[in-house]
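Novice: Have a look at this one before I ask anything.
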Amino acid sequence: MSAVPDPIEAGLAAGWHVIDCATLLDDRTIEADVAIIGSGAGGGVTAEILTAAGLKVVIVEEGGLYSSRHFRMREAEAYPKLYQESAARKTRDKGINILQGRTVGGSTTVNWTSSFRTPAATLAHWQERYGLKDYNREALAPWFERMEARLHIADWPTPPNANNELLRQGAQRLGIHTAAIRRNVNGCWNLGYCGMGCPTNAKQSMLVTTIPAALTGGATLLTRARAERLVFKGDRAEHVLVAALDADGIAVTGRTVTLRARHVVVAGGAINSPGLLLRSGAPDPAKLLGKRTFLHPTLVSAGRFAHPVEGYAGAPQTIYSDHFLDTLPVGGPAGYKLEVPPLHPLLLSTTLAGFGAAHAEAMRHFANTQGMLALLRDGFHAGSQGGAVQLRPDGSAELDYAMTDYLWDGARRALLTMAEIQFAAGAQAVMPMHEMARHYGSWREAKEAIGALPMQPLLTRVASAHVMGGCTMAAASRDGVVAPDGRYRELANVSVHDGSLFPTSIGANPQLSIYAITARLADGLARQLTKDRTQAKAA
Amino acid sequence: MTTRRLFLKAGACGALALAAGGALYRGLQARSPERFNLDNAGRELLAALVPAIVGPALPAAAAPRRAAIDGTVERVRGAIAGLPLATQAELRDLFGLLGLAPSRRLLAGLPAWRDATPAQLQAFLQDWRLHRFAQLRAGYQALHDLVIGSWYADPSSWAAIGYPGPMKELA
């Protein structure tokens with residue numbers, strides 16, 4: 001057994017209000033001031049702030065409550081327990097694999113801790129195109145500072161692992177600027193298993209920060225609880241109908257929870273939030289709901305080195321390059337951010353194209369493999385309008401996202417860049433993740449081959465760990481279903497507090513953007529709701 | 001190898017059959033989708049595909065090879081059970097069509113799974129992998145990811161790739 005203290009276990013022992021809905025034998029009705037759908041970056045931050053303001057909060061989480069004592073650093077256990085669709089969630093055409101959390105803490109429980117403020121170029125575009133005047137650096141700075149302090153976001157003093165260091169070295173040799181990534185950790189052991197839940201509680205995810213604070217403050221948490229729909233009466237959500245899921249989270253048990261709240265905050269992430277609102281039949285006169293959903297479509301390249309890289313060991317993401325974002329104008333050809341992924345056997349083996357002898361040979365060099373990622377900045381150009389969240393016949397949400405010629409052009413340039421950097425770092429061979437690619441022995445050979453690879457879905461391997469948009473926030477109703485204060489325009493008591501607000505992709509790992517922006521929205525909402533309550537009492 | 005030309009011709013019909021077959025399967029299902037429990041036909045399919053996909057990473061000696069294949073098939077069953085019901089329904093369509101002799105011959109150009117030679121299995125995987133119909137490429141990737149993921153998820157595969165596994169003291 002692990003000797004690491006488990007704050008969740010301690011909180012449960014101290015009497016937190018947590019209901020595992022898989023165990024419900026009867027239907028329930030619960031009343032609260034605010035129902036928060038989702039316990040990830042947006043839901044967690046909102047829960048802490050509203051609870052601190054004295055509001056009675058109920059948090060609804062589709063996943064289970066797992067904590068450090070369950071985090072055994074094994075992919076086979078972690079993916080089904082902690083991720084949407086066992087980490088195999090896909091776009092409608094199956095062309096893009098999407099990593100999103102589904103557990104208490106949401107994606108923050110399983111992300112790789114990379115913390116960036118919203119880039120200035122992104123905010124400038126939002127102000128100009130979407131009229132988000134208050135979303136400028138100065139106005140957001142105090143909220144970034146507040147959340148950075150809350151979540152221990154700071155420079156990471158430990159030297160990068162070899163996987164990250166090779167990105168730095170290769171880029172440097174080519175005159176490509178790199179920098180260090182700030183991380184939300186406190187007492188990190190530098191293990192490298194952030195994606196399977198932090199076994200030492202060092203990662204300052206929602207699971208060990210805001211959610212425990214809210215629960216200690218009297219909030220209630222429902223787990224294995226899927227918000228089926230908001231039930232409207234006039235322009236108000238009268239209650240939330242919640243379906244209980246069975247212990248593994250796959251099927252509904254038939255038990256329901258009726259959640260009556262004065263206000264509902266939708267924070268289920270940028271696929272499930274629009275999905276819930278669509279399923280509920282939320283008014284959407286301009287037909288914008290679920291549209292403009294973005295992914296940072298991500299290309300992957302594997303370099304083989306003569307020496308061990310051990311991409312599974314050490315903090316997963318510590319070096320990045322914005323060279324190909326900074327040197328391309330925001331509305332120009334698709335730019336991309338360069339990072340590296342942690343390499344673990346299941347994730348790498350499924351991402352590596354091919355089968356049989358060729359695949360086994362590639363895996364034989366697992367420990368000497370360096371992985372590189374290029375995240376395309378989507379949503380800033382006419383050639384990148386994003387995908388649309390839709391409902392399957394069973395009511396579940398899925399994302400229809402087509403890679404456009406504009407994005408494929410970026411994808412090819414990204415694969416070329418990564419191969420060039422990997423060779424510059426000393427790779428013996430490089431394989432871009434594409435079904436028609438193989439290991440190339442030189443930059444010259446790789447350049448020619450990548451130039452000729454057909455860029456098509458399900459040939460080029462594309463992944464995403466950042467889903468954004470779908471409940472666009474904008475000053476004008478023609479541009480977005482949500483107003484700049486986070487309120488759903490057509491409803492009097494519904495807000496959206498998660499990455500689905502973003503009018504474009506962020507152009508950086510989005511967690512800190514979600515923390516800071518939803519902290520400000522939650523602060524405003526808390527003032528509004530406590531004022532309403534004071535006025536109601538006075539009257 | 002089946003002749004490429006014949007296969008491509010079959011492929012065009014095949015993609016249509018896959019779509020139509022899927023609709024038929026779904027039509028026969030109850031309104032709320034049920035779990036997909038891997039049946040004997042599905043296990044036979046996987047027992048044939050595991051060696052083709054995992055390749056020389058599998059042990060060569062007969063008994064450990066048999067055990068490794070069985071273990072991988074069992075883990076694929078577990079992986080499927082962890083997917084949403086909508087995805088389980090899609091996999092039921094895929095396994096159903098690849099399990100029935102006429103649709104398997106049309107779509108994959110294969111005899112019964114237990115009779116398929118390594119060369120035939122390799123040709124099937126390679127054809128679907130690069131097929132001009134995206135739906136068949138998606139079918140290939142589903143089989144690839146389920147099988148290869150189930151193999152490398154297991155600690156027994158780790159020594160051969162130089163992965164030490166997580167820190168023992170914490171795991």
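As shown in the structure tokens, the chain order sets the letters A, B, ...; within each chain, residues go from 1, and ligands are also counted from 1 in the order they appear.
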Which residues of chain B come within 6 Å of chain A, and for each one, what is the closest pair of atoms and their distance in Å to one decimal, counting only C-alpha atoms, sorted by chain and residue number, as a Markdown table?
Specialist:
| residue | atom | partner | partner_atom | distance |
| --- | --- | --- | --- | --- |
| B:Ala52 | CA | A:Gly356 | CA | 5.6 |
| B:Ile53 | CA | A:Gly356 | CA | 4.7 |
| B:Val54 | CA | A:Gly356 | CA | 5.2 |
| B:Gly55 | CA | A:Gly356 | CA | 3.8 |
| B:Pro56 | CA | A:Ala357 | CA | 5.8 |
| B:Ala57 | CA | A:Ala360 | CA | 5.6 |
| B:Gly82 | CA | A:Pro80 | CA | 5.8 |
| B:Leu83 | CA | A:Glu85 | CA | 5.3 |
| B:Pro84 | CA | A:Ile250 | CA | 5.8 |
| B:Asp145 | CA | A:Thr350 | CA | 5.0 |
| B:Gly149 | CA | A:Leu346 | CA | 5.0 |
| B:Tyr152 | CA | A:Leu346 | CA | 5.3 |
| B:Ala153 | CA | A:Leu346 | CA | 5.1 |
| B:Ile161 | CA | A:Arg364 | CA | 4.7 |
| B:Gly162 | CA | A:Ala367 | CA | 5.7 |
| B:Leu170 | CA | A:Ser2 | CA | 5.5 |
| B:Ala171 | CA | A:Arg72 | CA | 4.7 |
Novice: Quick one: of A:Ala437, A:Asn190, A:Ala519, A:Thr113, who's nearest to Met167 of chain B, counting only C-alpha atoms?
Specialist: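 Selected residue with least distance to Met167 of chain B: A:Asn190.
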Novice: For atom CA of Arg117 of chain A and atom CA of Gly335 of chain A, determine how far apart the two atoms are, in Å to one decimal place.
Specialist: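 It comes out at 17.9 Å.
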Novice: Please tabulate, as a Markdown table, the residues of segment 483-522 of chain A that come within 12 Å of segment 149-168 of chain A, each with its closest pair of atoms and the distance in Å to one decimal, counting only C-alpha atoms and ordering rows by chain, then residue number upward.
Specialist:
| residue | atom | partner | partner_atom | distance |
| --- | --- | --- | --- | --- |
| A:Gln511 | CA | A:Leu151 | CA | 11.2 |
| A:Leu512 | CA | A:Ile153 | CA | 9.0 |
| A:Tyr515 | CA | A:Leu151 | CA | 9.5 |
| A:Ala516 | CA | A:Arg150 | CA | 10.6 |
| A:Ala519 | CA | A:Arg150 | CA | 11.0 |
Novice: As an exercise, work out the distance from atom CA of Ala139 of chain A to atom CA of Thr118 of chain A in Å and give it to one decimal place.
Specialist: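 Calculated distance between atom CA of Ala139 of chain A and atom CA of Thr118 of chain A is 12.3 Å.
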Novice: Among segment 246-431 of chain A, which ones does DSSP place in strand (DSSP E or B), written as number ranges by chain?
Specialist: A: 252-266, 293-294, 298-304, 319-321, 336-339, 369-376, 381, 384, 387-391, 397-400, 429-431
Novice: Could you please take those selected residues and save C-alpha atoms as a PDB file, in the first residue's frame?
Specialist:
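Resulting contents of result.pdb:
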ATOM      1  CA  VAL A 252     -27.948   3.802 -16.775  1.00  0.00           C
ATOM      2  CA  THR A 253     -29.403   1.987 -13.774  1.00  0.00           C
ATOM      3  CA  GLY A 254     -32.888   3.458 -14.176  1.00  0.00           C
ATOM      4  CA  ARG A 255     -32.625   5.552 -10.995  1.00  0.00           C
ATOM      5  CA  THR A 256     -32.827   9.304 -11.403  1.00  0.00           C
ATOM      6  CA  VAL A 257     -32.056  12.386  -9.376  1.00  0.00           C
ATOM      7  CA  THR A 258     -34.192  15.490  -9.836  1.00  0.00           C
ATOM      8  CA  LEU A 259     -31.977  18.430  -9.065  1.00  0.00           C
ATOM      9  CA  ARG A 260     -33.821  21.689  -8.369  1.00  0.00           C
ATOM     10  CA  ALA A 261     -31.595  24.741  -8.307  1.00  0.00           C
ATOM     11  CA  ARG A 262     -31.994  28.483  -8.733  1.00  0.00           C
ATOM     12  CA  HIS A 263     -29.124  28.510 -11.162  1.00  0.00           C
ATOM     13  CA  VAL A 264     -27.435  25.915 -13.366  1.00  0.00           C
ATOM     14  CA  VAL A 265     -23.780  26.092 -14.438  1.00  0.00           C
ATOM     15  CA  VAL A 266     -22.981  23.838 -17.378  1.00  0.00           C
ATOM     16  CA  THR A 293     -15.878  23.338 -31.783  1.00  0.00           C
ATOM     17  CA  PHE A 294     -12.097  23.194 -31.951  1.00  0.00           C
ATOM     18  CA  THR A 298      -2.393  17.177 -33.215  1.00  0.00           C
ATOM     19  CA  LEU A 299       0.178  15.441 -35.406  1.00  0.00           C
ATOM     20  CA  VAL A 300       2.701  13.027 -33.977  1.00  0.00           C
ATOM     21  CA  SER A 301       6.236  12.099 -35.005  1.00  0.00           C
ATOM     22  CA  ALA A 302       8.437   9.370 -33.527  1.00  0.00           C
ATOM     23  CA  GLY A 303      12.222   9.609 -33.630  1.00  0.00           C
ATOM     24  CA  ARG A 304      14.507   6.660 -32.956  1.00  0.00           C
ATOM     25  CA  ILE A 319       9.701  22.235 -23.100  1.00  0.00           C
ATOM     26  CA  TYR A 320       7.677  23.803 -25.903  1.00  0.00           C
ATOM     27  CA  SER A 321       8.168  25.933 -28.976  1.00  0.00           C
ATOM     28  CA  TYR A 336       1.345  24.994 -34.580  1.00  0.00           C
ATOM     29  CA  LYS A 337       2.735  24.633 -31.106  1.00  0.00           C
ATOM     30  CA  LEU A 338       5.436  22.019 -30.570  1.00  0.00           C
ATOM     31  CA  GLU A 339       5.496  19.859 -27.447  1.00  0.00           C
ATOM     32  CA  THR A 369      11.965   6.522 -29.000  1.00  0.00           C
ATOM     33  CA  GLN A 370      11.387  10.249 -28.737  1.00  0.00           C
ATOM     34  CA  GLY A 371       7.868  11.512 -29.386  1.00  0.00           C
ATOM     35  CA  MET A 372       6.950  14.936 -30.663  1.00  0.00           C
ATOM     36  CA  LEU A 373       3.604  16.685 -31.039  1.00  0.00           C
ATOM     37  CA  ALA A 374       2.432  19.590 -33.178  1.00  0.00           C
ATOM     38  CA  LEU A 375      -0.867  21.171 -32.091  1.00  0.00           C
ATOM     39  CA  LEU A 376      -2.550  23.074 -34.900  1.00  0.00           C
ATOM     40  CA  HIS A 381      -9.208  31.442 -40.484  1.00  0.00           C
ATOM     41  CA  SER A 384     -10.952  26.462 -40.112  1.00  0.00           C
ATOM     42  CA  GLY A 387     -16.626  21.011 -35.971  1.00  0.00           C
ATOM     43  CA  ALA A 388     -20.199  20.571 -34.763  1.00  0.00           C
ATOM     44  CA  VAL A 389     -21.372  18.655 -31.716  1.00  0.00           C
ATOM     45  CA  GLN A 390     -24.315  16.438 -32.614  1.00  0.00           C
ATOM     46  CA  LEU A 391     -26.454  13.868 -30.840  1.00  0.00           C
ATOM     47  CA  ALA A 397     -22.916  13.660 -27.876  1.00  0.00           C
ATOM     48  CA  GLU A 398     -20.378  13.270 -30.623  1.00  0.00           C
ATOM     49  CA  LEU A 399     -18.249  15.711 -32.539  1.00  0.00           C
ATOM     50  CA  ASP A 400     -18.329  15.945 -36.312  1.00  0.00           C
ATOM     51  CA  ALA A 429      15.348   7.396 -38.005  1.00  0.00           C
ATOM     52  CA  VAL A 430      12.049   9.245 -37.917  1.00  0.00           C
ATOM     53  CA  MET A 431       8.543   7.953 -38.526  1.00  0.00           C
TER      54      MET A 431
END
Novice: Quick one: pull the distance between atom CA of Ala214 of chain A and atom CA of Val494 of chain A, Å, one decimal.
Specialist: 20.2 Å
Novice: I'd like to know which residues of segment 294-481 of chain A are helix (DSSP H, G or I) (by DSSP, run on the backbone); could you write them as a ChimeraX atom specification?
Specialist: /A:323-326,345-351,356-364,366-368,405-424,443-452
Novice: Write out the residues from the selection above, keeping C-alpha atoms, as a CSV table (one decimal), in the first residue's frame.
Specialist:
chain,number,residue,atom,x,y,z
A,323,HIS,CA,8.1,29.4,-33.2
A,324,PHE,CA,5.5,28.3,-35.7
A,325,LEU,CA,2.8,30.2,-34.0
A,326,ASP,CA,4.8,33.4,-33.5
A,345,PRO,CA,3.2,1.3,-24.1
A,346,LEU,CA,-0.5,1.4,-24.7
A,347,LEU,CA,-0.8,4.9,-26.0
A,348,LEU,CA,2.4,4.7,-28.1
A,349,SER,CA,1.5,1.3,-29.6
A,350,THR,CA,-1.9,2.3,-30.6
A,351,THR,CA,-0.7,5.6,-32.1
A,356,GLY,CA,2.9,-7.3,-37.5
A,357,ALA,CA,6.7,-7.4,-38.0
A,358,ALA,CA,7.1,-3.7,-38.7
A,359,HIS,CA,5.1,-2.6,-35.7
A,360,ALA,CA,6.9,-5.1,-33.4
A,361,GLU,CA,10.2,-3.8,-34.7
A,362,ALA,CA,9.2,-0.2,-34.0
A,363,MET,CA,8.1,-1.2,-30.4
A,364,ARG,CA,11.4,-3.0,-29.8
A,366,PHE,CA,10.3,1.8,-27.4
A,367,ALA,CA,12.8,3.0,-24.8
A,368,ASN,CA,14.9,4.8,-27.4
A,405,ASP,CA,-7.4,21.6,-46.8
A,406,TYR,CA,-6.2,24.5,-44.7
A,407,LEU,CA,-5.5,22.3,-41.7
A,408,TRP,CA,-4.0,19.5,-43.8
A,409,ASP,CA,-1.5,22.0,-45.2
A,410,GLY,CA,-0.6,22.8,-41.6
A,411,ALA,CA,-0.4,19.1,-40.8
A,412,ARG,CA,2.1,18.4,-43.6
A,413,ARG,CA,4.3,21.4,-42.5
A,414,ALA,CA,4.1,20.2,-38.9
A,415,LEU,CA,5.2,16.7,-39.8
A,416,LEU,CA,8.1,18.1,-41.8
A,417,THR,CA,9.2,20.4,-38.9
A,418,MET,CA,9.1,17.6,-36.4
A,419,ALA,CA,11.1,15.3,-38.6
A,420,GLU,CA,13.7,18.0,-39.2
A,421,ILE,CA,14.0,18.8,-35.5
A,422,GLN,CA,14.3,15.1,-34.6
A,423,PHE,CA,17.1,14.6,-37.1
A,424,ALA,CA,18.8,17.7,-35.9
A,443,TRP,CA,16.1,14.3,-43.2
A,444,ARG,CA,16.4,14.4,-46.9
A,445,GLU,CA,14.6,11.1,-47.3
A,446,ALA,CA,11.9,12.1,-44.8
A,447,LYS,CA,11.4,15.5,-46.4
A,448,GLU,CA,10.7,13.9,-49.8
A,449,ALA,CA,8.4,11.2,-48.4
A,450,ILE,CA,6.4,13.5,-46.2
A,451,GLY,CA,6.0,15.9,-49.1
A,452,ALA,CA,4.3,13.1,-51.0
